[in-house]
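Data block below; observations after.
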Amino acid sequence: VLDRVGQLFGVDIEYDSGTIAGELALRRLAWRGDSVSLELSGLVVELAPGCLWYSRICLEQLYARQLDIVLPAASPDAGLPDAETGDTLVQFPIAIETTQLRLDRLHVKWQGGEWQQGRIQGAARISGSTIAVQRALVQDATLKLSGDGESGESIVLPDISLPLELLVEQAVLQGGAWDIAGTGGELDSLRLQGSWRNRNVQLQELQLRSEALGEWVAAGEIEFGEQWPLQLAVRGELPQLAGWPGALQRTVTVEASGDLASIRVAAELAGPVALSVSGSLNTLARDLPFQLQAQARFSDGLPLSALLEVPEALASVALDAPLTLAANGSLTRQLFQLEGTAHGLGYQPLDIRIAGVHEAARLTVEDLRLHNASGSNTLW
């Protein structure tokens with residue numbers, strides 16, 4: 001029977017033990033399409049026979065020791081055309097449903113990257129070109145993307161096209177890491193609801209928690225091609241940071257758009273000291289060139305000591321709103337200009353403008369201008 005099923009649906013099946021009427025163990029099950037190849041090893045299934053009358057397979061349980069998925073370069077004649085993108089979608093030969101899915105290890109590989117994870121438990125449906133995940137609990141996942149740029153050059157991101165539609169109703173990741181062109185990071189947990197079709201990912205809600213990054217919730221879309229354009233709305237709580245001013249809260253809202261070679265960001269931090277930041281960043285250049293403008297708004301008379309540590313001689317200095325900052329540069333060198341109004345030390349009020357450069361752990365003030373009702377002073 002298994003041989004006939006394999007011939008009918010183009011599936012390679014290696015029988016191990018059991019019966020179709022009960023628990024069936026398979027050493028290996030593999031299927032190769034034009035746009036994707038799948039191989040399951042150490043497979044145990046328990047069939048619910050009633051579904052066969054409706055031309056689908058229902059499984060009381062589906063367990064596999066390992067699932068390997070390879071996404072090769074798509075053939076021009078593969079699959080069915082996707083009307084939205086012109087890419088192709090794979091067609092699964094038969095509909096499958098399982099309410100008890102258990103997988104010990106998953107490895108997905110494509111040109112320029114791979115995804116590996118440990119144990120997964122959940123429930124899923126497969127029909128036509130769609131995999132719908134009703135629930136999933138995933139442990140210990142790692143994403144690796146290998147940019148093509150050499151040292152000192154821009155990173156070239158791969159195009160990632162999933163030749164099917166993946167619908168995720170509820171997925172939880174416990175423990176994860178990433179390595180994108182040599183830059184890595186870790187997270188404690190992630191919750192996801194969204195969809196992925198070809199290069200387009202729609203995020204209905206993404207919740208991320210990391211000791212190093214804080215807690216964040218995002219929604220929007222990402223296109224995994226052409227430098228990865230995106231449109232995201234994000235809100236989050238920054239982690240505890242050494243030296244973070246006590247007058248600033250850590251709750252942030254962010255709007256991001258553009259692509260990873262020129263991402264535009266607008267951020268707001270509310271509280272007694274409200275901070276607005278806008279700018280752009282090239283995340284694909286290894287030195288991360290950027291430009292930004294920031295403005296702090298607060299009640300007049302804010303002690304300077306509320307924002308940074310100052311010597312006792314400056315303890316009486318206070319600031320009047322607004323305080324503005326313009327900066328540009330890269331990881332190695334940053335130019336800045338800071339403008340504001342202060343009073344104290346006998347000056348009522350004193351307009352201040354400071355311009356300079358930060359490079360190699362050294363801050364150089366190149367232009368200092370002071371002005372009040374009595375006159376002006378400029379230091380070059």
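Order determines the names: the first chain of the structure tokens is A, the second B, and so forth; residues in each chain are numbered 1 upward, and ligands are numbered 1 upward as they are shown.
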
- Query: Skipping near chain neighbours, those fewer than 6 positions away, what residues fall within 7 Å of Ala261 in chain A using only C-alpha atoms, listed as a PyMOL selection string?
  - Reply: chain A and resi 227+282-284

Name the residues in contact with range 319-334 of chain A at a cut-off of 10 Å, using only C-alpha atoms, excluding same-chain residues fewer than 4 positions from it; report them as an mmCIF file with N, CA and C atoms, in the first residue's frame.
data_model
loop_
_atom_site.group_PDB
_atom_site.id
_atom_site.type_symbol
_atom_site.label_atom_id
_atom_site.label_comp_id
_atom_site.auth_asym_id
_atom_site.auth_seq_id
_atom_site.Cartn_x
_atom_site.Cartn_y
_atom_site.Cartn_z
ATOM 1 N N VAL A 273 10.449 64.257 30.484
ATOM 2 C CA VAL A 273 11.320 64.717 29.403
ATOM 3 C C VAL A 273 10.913 63.937 28.157
ATOM 4 N N ALA A 274 10.186 64.593 27.230
ATOM 5 C CA ALA A 274 9.721 63.935 26.007
ATOM 6 C C ALA A 274 10.792 64.087 24.935
ATOM 7 N N LEU A 275 11.112 62.999 24.265
ATOM 8 C CA LEU A 275 12.193 62.994 23.286
ATOM 9 C C LEU A 275 11.647 62.541 21.936
ATOM 10 N N SER A 276 11.915 63.324 20.886
ATOM 11 C CA SER A 276 11.558 62.967 19.513
ATOM 12 C C SER A 276 12.840 62.815 18.707
ATOM 13 N N VAL A 277 12.933 61.717 17.964
ATOM 14 C CA VAL A 277 14.124 61.429 17.161
ATOM 15 C C VAL A 277 13.683 61.032 15.762
ATOM 16 N N SER A 278 14.328 61.577 14.742
ATOM 17 C CA SER A 278 14.088 61.154 13.363
ATOM 18 C C SER A 278 15.428 61.074 12.656
ATOM 19 N N GLY A 279 15.488 60.207 11.657
ATOM 20 C CA GLY A 279 16.747 60.082 10.937
ATOM 21 C C GLY A 279 16.732 58.915 9.991
ATOM 22 N N SER A 280 17.890 58.564 9.468
ATOM 23 C CA SER A 280 18.023 57.449 8.541
ATOM 24 C C SER A 280 19.314 56.701 8.849
ATOM 25 N N LEU A 281 19.343 55.412 8.439
ATOM 26 C CA LEU A 281 20.469 54.545 8.767
ATOM 27 C C LEU A 281 20.645 53.527 7.650
ATOM 28 N N ASN A 282 21.880 53.312 7.249
ATOM 29 C CA ASN A 282 22.203 52.261 6.283
ATOM 30 C C ASN A 282 22.702 51.051 7.057
ATOM 31 N N ALA A 285 25.673 48.754 5.285
ATOM 32 C CA ALA A 285 27.077 49.179 5.285
ATOM 33 C C ALA A 285 27.694 48.797 6.627
ATOM 34 N N ARG A 286 28.885 48.231 6.592
ATOM 35 C CA ARG A 286 29.472 47.692 7.812
ATOM 36 C C ARG A 286 29.815 48.771 8.835
ATOM 37 N N ASP A 287 29.995 50.026 8.409
ATOM 38 C CA ASP A 287 30.277 51.094 9.366
ATOM 39 C C ASP A 287 29.011 51.848 9.781
ATOM 40 N N LEU A 288 27.818 51.394 9.318
ATOM 41 C CA LEU A 288 26.517 51.929 9.726
ATOM 42 C C LEU A 288 26.440 53.464 9.626
ATOM 43 N N PRO A 289 26.577 54.040 8.449
ATOM 44 C CA PRO A 289 26.404 55.487 8.321
ATOM 45 C C PRO A 289 24.981 55.917 8.681
ATOM 46 N N PHE A 290 24.856 57.081 9.308
ATOM 47 C CA PHE A 290 23.557 57.532 9.799
ATOM 48 C C PHE A 290 23.504 59.044 9.797
ATOM 49 N N GLN A 291 22.297 59.561 9.929
ATOM 50 C CA GLN A 291 22.072 60.972 10.246
ATOM 51 C C GLN A 291 20.807 61.038 11.084
ATOM 52 N N LEU A 292 20.770 61.966 12.064
ATOM 53 C CA LEU A 292 19.590 62.059 12.922
ATOM 54 C C LEU A 292 19.415 63.472 13.437
ATOM 55 N N GLN A 293 18.170 63.747 13.808
ATOM 56 C CA GLN A 293 17.809 64.978 14.505
ATOM 57 C C GLN A 293 16.993 64.581 15.728
ATOM 58 N N ALA A 294 17.248 65.225 16.852
ATOM 59 C CA ALA A 294 16.532 64.905 18.082
ATOM 60 C C ALA A 294 16.160 66.197 18.801
ATOM 61 N N GLN A 295 15.013 66.150 19.468
ATOM 62 C CA GLN A 295 14.572 67.299 20.262
ATOM 63 C C GLN A 295 13.982 66.804 21.574
ATOM 64 N N ALA A 296 14.426 67.414 22.671
ATOM 65 C CA ALA A 296 13.913 67.106 24.005
ATOM 66 C C ALA A 296 13.034 68.262 24.473
ATOM 67 N N ARG A 297 11.827 67.890 24.960
ATOM 68 C CA ARG A 297 10.877 68.885 25.464
ATOM 69 C C ARG A 297 10.596 68.591 26.938
ATOM 70 N N PHE A 298 10.553 69.653 27.743
ATOM 71 C CA PHE A 298 10.371 69.488 29.179
ATOM 72 C C PHE A 298 9.984 70.823 29.775
ATOM 73 N N SER A 299 9.596 70.804 31.037
ATOM 74 C CA SER A 299 9.292 72.055 31.736
ATOM 75 C C SER A 299 10.583 72.821 31.970
ATOM 76 N N ASP A 300 10.526 74.152 31.787
ATOM 77 C CA ASP A 300 11.719 74.970 31.998
ATOM 78 C C ASP A 300 12.238 74.794 33.414
ATOM 79 N N GLY A 301 13.553 74.863 33.531
ATOM 80 C CA GLY A 301 14.180 74.727 34.839
ATOM 81 C C GLY A 301 14.576 73.301 35.170
ATOM 82 N N LEU A 302 14.753 72.433 34.145
ATOM 83 C CA LEU A 302 15.167 71.057 34.383
ATOM 84 C C LEU A 302 16.633 71.050 34.815
ATOM 85 N N PRO A 303 16.957 70.477 35.980
ATOM 86 C CA PRO A 303 18.367 70.435 36.410
ATOM 87 C C PRO A 303 19.210 69.638 35.418
ATOM 88 N N LEU A 304 20.369 70.168 35.081
ATOM 89 C CA LEU A 304 21.279 69.455 34.187
ATOM 90 C C LEU A 304 21.661 68.099 34.776
ATOM 91 N N SER A 305 21.705 68.010 36.087
ATOM 92 C CA SER A 305 22.082 66.765 36.763
ATOM 93 C C SER A 305 21.042 65.667 36.566
ATOM 94 N N LEU A 338 24.822 70.571 19.198
ATOM 95 C CA LEU A 338 23.854 70.598 20.290
ATOM 96 C C LEU A 338 23.503 72.042 20.612
ATOM 97 N N GLU A 339 22.192 72.327 20.702
ATOM 98 C CA GLU A 339 21.737 73.694 20.989
ATOM 99 C C GLU A 339 20.716 73.661 22.116
ATOM 100 N N GLY A 340 20.828 74.640 23.018
ATOM 101 C CA GLY A 340 19.873 74.748 24.109
ATOM 102 C C GLY A 340 20.053 76.043 24.874
ATOM 103 N N THR A 341 19.254 76.168 25.928
ATOM 104 C CA THR A 341 19.315 77.358 26.784
ATOM 105 C C THR A 341 19.474 76.915 28.229
ATOM 106 N N ALA A 342 20.440 77.533 28.926
ATOM 107 C CA ALA A 342 20.708 77.186 30.322
ATOM 108 C C ALA A 342 20.695 78.443 31.170
ATOM 109 N N HIS A 343 20.463 78.221 32.457
ATOM 110 C CA HIS A 343 20.642 79.332 33.409
ATOM 111 C C HIS A 343 21.214 78.773 34.697
ATOM 112 N N GLY A 344 21.847 79.648 35.435
ATOM 113 C CA GLY A 344 22.593 79.279 36.628
ATOM 114 C C GLY A 344 23.974 79.900 36.562
ATOM 115 N N PRO A 349 18.982 84.242 30.847
ATOM 116 C CA PRO A 349 19.390 82.870 30.494
ATOM 117 C C PRO A 349 20.600 82.941 29.576
ATOM 118 N N LEU A 350 21.139 81.777 29.195
ATOM 119 C CA LEU A 350 22.338 81.703 28.363
ATOM 120 C C LEU A 350 22.086 80.711 27.226
ATOM 121 N N ASP A 351 22.060 81.224 25.991
ATOM 122 C CA ASP A 351 21.926 80.347 24.823
ATOM 123 C C ASP A 351 23.277 79.702 24.518
ATOM 124 N N ILE A 352 23.251 78.387 24.274
ATOM 125 C CA ILE A 352 24.488 77.631 24.070
ATOM 126 C C ILE A 352 24.381 76.831 22.772
ATOM 127 N N ARG A 353 25.449 76.852 21.988
ATOM 128 C CA ARG A 353 25.562 75.961 20.835
ATOM 129 C C ARG A 353 26.944 75.332 20.849
ATOM 130 N N ILE A 354 26.980 73.999 20.806
ATOM 131 C CA ILE A 354 28.233 73.247 20.831
ATOM 132 C C ILE A 354 28.277 72.353 19.603
ATOM 133 N N ALA A 355 29.382 72.415 18.855
ATOM 134 C CA ALA A 355 29.572 71.531 17.706
ATOM 135 C C ALA A 355 30.920 70.847 17.844
ATOM 136 N N GLY A 356 30.982 69.585 17.423
ATOM 137 C CA GLY A 356 32.243 68.873 17.549
ATOM 138 C C GLY A 356 32.207 67.514 16.894
ATOM 139 N N VAL A 357 33.171 66.701 17.279
ATOM 140 C CA VAL A 357 33.319 65.380 16.687
ATOM 141 C C VAL A 357 33.725 64.388 17.773
ATOM 142 N N HIS A 358 33.194 63.152 17.637
ATOM 143 C CA HIS A 358 33.587 62.062 18.522
ATOM 144 C C HIS A 358 34.234 60.982 17.667
ATOM 145 N N GLU A 359 35.480 60.628 18.007
ATOM 146 C CA GLU A 359 36.219 59.636 17.220
ATOM 147 C C GLU A 359 37.283 59.000 18.099
ATOM 148 N N ALA A 360 37.412 57.676 18.008
ATOM 149 C CA ALA A 360 38.434 56.936 18.747
ATOM 150 C C ALA A 360 38.376 57.246 20.244
ATOM 151 N N ALA A 361 37.139 57.217 20.808
ATOM 152 C CA ALA A 361 36.911 57.437 22.240
ATOM 153 C C ALA A 361 37.352 58.825 22.703
ATOM 154 N N ARG A 362 37.407 59.766 21.779
ATOM 155 C CA ARG A 362 37.808 61.135 22.122
ATOM 156 C C ARG A 362 36.765 62.112 21.612
ATOM 157 N N LEU A 363 36.305 63.021 22.494
ATOM 158 C CA LEU A 363 35.322 64.043 22.141
ATOM 159 C C LEU A 363 36.035 65.374 21.977
#

- Query: For Gly113 in chain A, which of A:Leu143, A:Leu89, A:Ile222, A:Ala95 is the closest residue, counting only C-alpha atoms?
  - Reply: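 Under the stated criterion, the closest residue is A:Leu143.
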
- Message: Which residue is closest to Ser55 in chain A? Choose from A:Gln7, A:Thr99, A:Ser127, A:Ser189 and count only C-alpha atoms.
- Response: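 Checking each of A:Gln7, A:Thr99, A:Ser127, A:Ser189 against Ser55 in chain A, counting only C-alpha atoms, the winner is A:Ser127.
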
- Item | d(CA of Ala270 in chain A, CA of Thr251 in chain A) in Å |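 Rounded to one decimal, the two atoms are 7.0 Å apart.
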
- Query: Which one is closest to Gly33 in chain A: A:Gly10, A:Pro229, A:Asp104, A:Gly243? Count only C-alpha atoms.
  - Reply: A:Gly10

- Query: Using only C-alpha atoms, which residues sit within 8 Å of Phe9 in chain A once same-chain residues fewer than 3 positions away are excluded, as a PyMOL selection string?
  - Reply: chain A and resi 5-6+93-94

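Backbone DSSP over range 230-377 of chain A yields helix (DSSP H, G or I) at A:Leu304, A:Ser305, A:Ala306, A:Glu312, A:Ala313, A:Leu314.
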
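Residues in contact range of range 19-23 of chain A, defined as at most 7 Å between only C-alpha atoms, with sequence neighbours fewer than 5 positions away removed, read A:Val44, A:Val45, A:Glu46, A:Leu47.
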
- Query: What's the 10 Å shell around range 237-239 of chain A, counting only C-alpha atoms, without same-chain residues fewer than 6 positions away, as a PyMOL selection string?
  - Reply: chain A and resi 209-217+249-253

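Using only C-alpha atoms, the nearest neighbour of Asn198 in chain A within the list A:Pro49, A:Gly182, A:Gly220, A:Pro163 is A:Pro163.
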
- Task: Point out the residue among A:Asp140, A:Val365, A:Ser316, A:Val234 with the least atom-to-atom distance to Val265 in chain A, counting only C-alpha atoms.
- Result: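 Smallest separation from Val265 in chain A among the options: A:Val234.
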